Amino acid sequence: MNVITTNINEHALPAPIAVKVEIAVAELVLNSHVEIVVAYFNSNGNIIDNKFIKIQGEEYNNWGLDDGYLVDLVLSKLGLTKSA
């Protein structure tokens with residue numbers, strides 16, 4: 001999976017407001033798990049935070065070749081929603 005950027009509804013972080021996230025695979029261990037790094041961006045395009053998510057077990061197996069599934073899963077785990 002390449003880096004995927006998706007717009008989100010405004011999500012308040014401790015200080016700044018994030019309007020976009022970039023989702024990238026940091027580590028992939030076949031048949032085991034994937035480590036995802038999520039970069040949060042403000043409206044000026046600056047990175048304001050990073051989060052790490054580990055996907056394993058059934059969630060990892062459900063990913064298959066559907067990167068959309070992974071994006072939706074990561075957003076859900078972080079309490080984020082896509083913007084229109």
# chains A, B, ... in the order shown; residues from 1 in each chain; ligands from 1
call {"tool": "residues_around", "arguments": {"residues": "segment 20-36 of chain A", "least_positions_apart": "3", "cutoff": "8 Å", "atoms": "only C-alpha atoms", "output": "number ranges by chain"}}
result
A: 1-8, 39-43, 52-57, 60-61, 71
call {"tool": "closest_residue", "arguments": {"among": "A:Lys82, A:Asn46, A:Ala18, A:Lys77", "to": "Glu59 of chain A", "atoms": "only C-alpha atoms"}}
result
A:Lys77
call {"tool": "closest_residue", "arguments": {"among": "A:Ala12, A:Leu65, A:Leu75, A:Val19", "to": "Val37 of chain A", "atoms": "only C-alpha atoms"}}
result
A:Leu75
call {"tool": "select_by_dssp", "arguments": {"residues": "segment 15-62 of chain A", "states": "alpha helix (DSSP H)", "output": "PDB file with C-alpha atoms, in the first residue's frame"}}
result
ATOM      1  CA  GLY A  57      -5.652 -10.902  13.681  1.00  0.00           C
ATOM      2  CA  GLU A  58      -9.048 -10.883  11.976  1.00  0.00           C
ATOM      3  CA  GLU A  59      -8.792  -7.188  11.085  1.00  0.00           C
ATOM      4  CA  TYR A  60      -5.467  -7.839   9.316  1.00  0.00           C
ATOM      5  CA  ASN A  61      -6.898 -10.864   7.497  1.00  0.00           C
ATOM      6  CA  ASN A  62      -9.948  -8.846   6.349  1.00  0.00           C
TER       7      ASN A  62
END
call {"tool": "select_by_dssp", "arguments": {"residues": "chain A", "states": "strand (DSSP E or B)", "output": "PDB file with C-alpha atoms, in the first residue's frame"}}
result
ATOM      1  CA  ILE A   4      -3.085   7.430   1.204  1.00  0.00           C
ATOM      2  CA  THR A   5      -4.288  10.928   2.074  1.00  0.00           C
ATOM      3  CA  THR A   6      -7.953  11.529   2.853  1.00  0.00           C
ATOM      4  CA  ASN A   7      -9.881  14.607   3.929  1.00  0.00           C
ATOM      5  CA  ILE A   8     -11.732  14.306   7.230  1.00  0.00           C
ATOM      6  CA  ASN A   9     -14.326  16.330   9.084  1.00  0.00           C
ATOM      7  CA  GLU A  10     -12.660  18.773  11.475  1.00  0.00           C
ATOM      8  CA  HIS A  11     -11.225  16.877  14.432  1.00  0.00           C
ATOM      9  CA  ALA A  12     -10.027  18.877  17.446  1.00  0.00           C
ATOM     10  CA  ILE A  17      -7.514  21.388  14.399  1.00  0.00           C
ATOM     11  CA  ALA A  18      -6.746  18.605  11.941  1.00  0.00           C
ATOM     12  CA  VAL A  19      -8.483  18.636   8.550  1.00  0.00           C
ATOM     13  CA  LYS A  20      -6.584  15.880   6.743  1.00  0.00           C
ATOM     14  CA  VAL A  21      -4.716  12.691   7.566  1.00  0.00           C
ATOM     15  CA  GLU A  22      -2.077  10.754   5.692  1.00  0.00           C
ATOM     16  CA  ILE A  23      -2.075   6.997   6.269  1.00  0.00           C
ATOM     17  CA  ALA A  24       1.072   4.977   5.554  1.00  0.00           C
ATOM     18  CA  VAL A  25       2.352   1.500   6.303  1.00  0.00           C
ATOM     19  CA  ALA A  26       5.288   1.726   8.710  1.00  0.00           C
ATOM     20  CA  GLU A  27       5.814  -2.030   9.003  1.00  0.00           C
ATOM     21  CA  LEU A  28       4.240  -5.033   7.303  1.00  0.00           C
ATOM     22  CA  VAL A  29       4.766  -8.580   8.562  1.00  0.00           C
ATOM     23  CA  HIS A  33       0.191  -7.638  11.263  1.00  0.00           C
ATOM     24  CA  VAL A  34       0.695  -4.184   9.843  1.00  0.00           C
ATOM     25  CA  GLU A  35       1.825  -1.052  11.699  1.00  0.00           C
ATOM     26  CA  ILE A  36       0.211   2.107  10.364  1.00  0.00           C
ATOM     27  CA  VAL A  37       1.402   5.662  10.924  1.00  0.00           C
ATOM     28  CA  VAL A  38      -1.258   8.369  10.662  1.00  0.00           C
ATOM     29  CA  ALA A  39      -0.079  11.951  10.168  1.00  0.00           C
ATOM     30  CA  TYR A  40      -2.558  14.714  11.041  1.00  0.00           C
ATOM     31  CA  PHE A  41      -2.444  17.947   9.007  1.00  0.00           C
ATOM     32  CA  ILE A  47       1.825  18.087  10.226  1.00  0.00           C
ATOM     33  CA  ILE A  48       0.501  18.632  13.728  1.00  0.00           C
ATOM     34  CA  ASP A  49       0.483  15.102  15.177  1.00  0.00           C
ATOM     35  CA  ASN A  50       1.233  11.445  14.446  1.00  0.00           C
ATOM     36  CA  LYS A  51      -0.507   8.320  15.726  1.00  0.00           C
ATOM     37  CA  PHE A  52       0.456   4.674  15.328  1.00  0.00           C
ATOM     38  CA  ILE A  53      -2.065   1.861  14.869  1.00  0.00           C
ATOM     39  CA  LYS A  54      -1.329  -1.877  14.840  1.00  0.00           C
ATOM     40  CA  ILE A  55      -3.725  -4.010  12.792  1.00  0.00           C
ATOM     41  CA  GLN A  56      -3.569  -7.748  13.455  1.00  0.00           C
ATOM     42  CA  LYS A  82     -14.219  11.341   6.143  1.00  0.00           C
TER      43      LYS A  82
END
call {"tool": "atom_distance", "arguments": {"atom1": "atom CA of Tyr69 of chain A", "atom2": "atom CA of Thr81 of chain A"}}
result
13.6 Å
call {"tool": "atom_distance", "arguments": {"atom1": "atom CA of Asp72 of chain A", "atom2": "atom CA of Asn44 of chain A"}}
result
24.2 Å
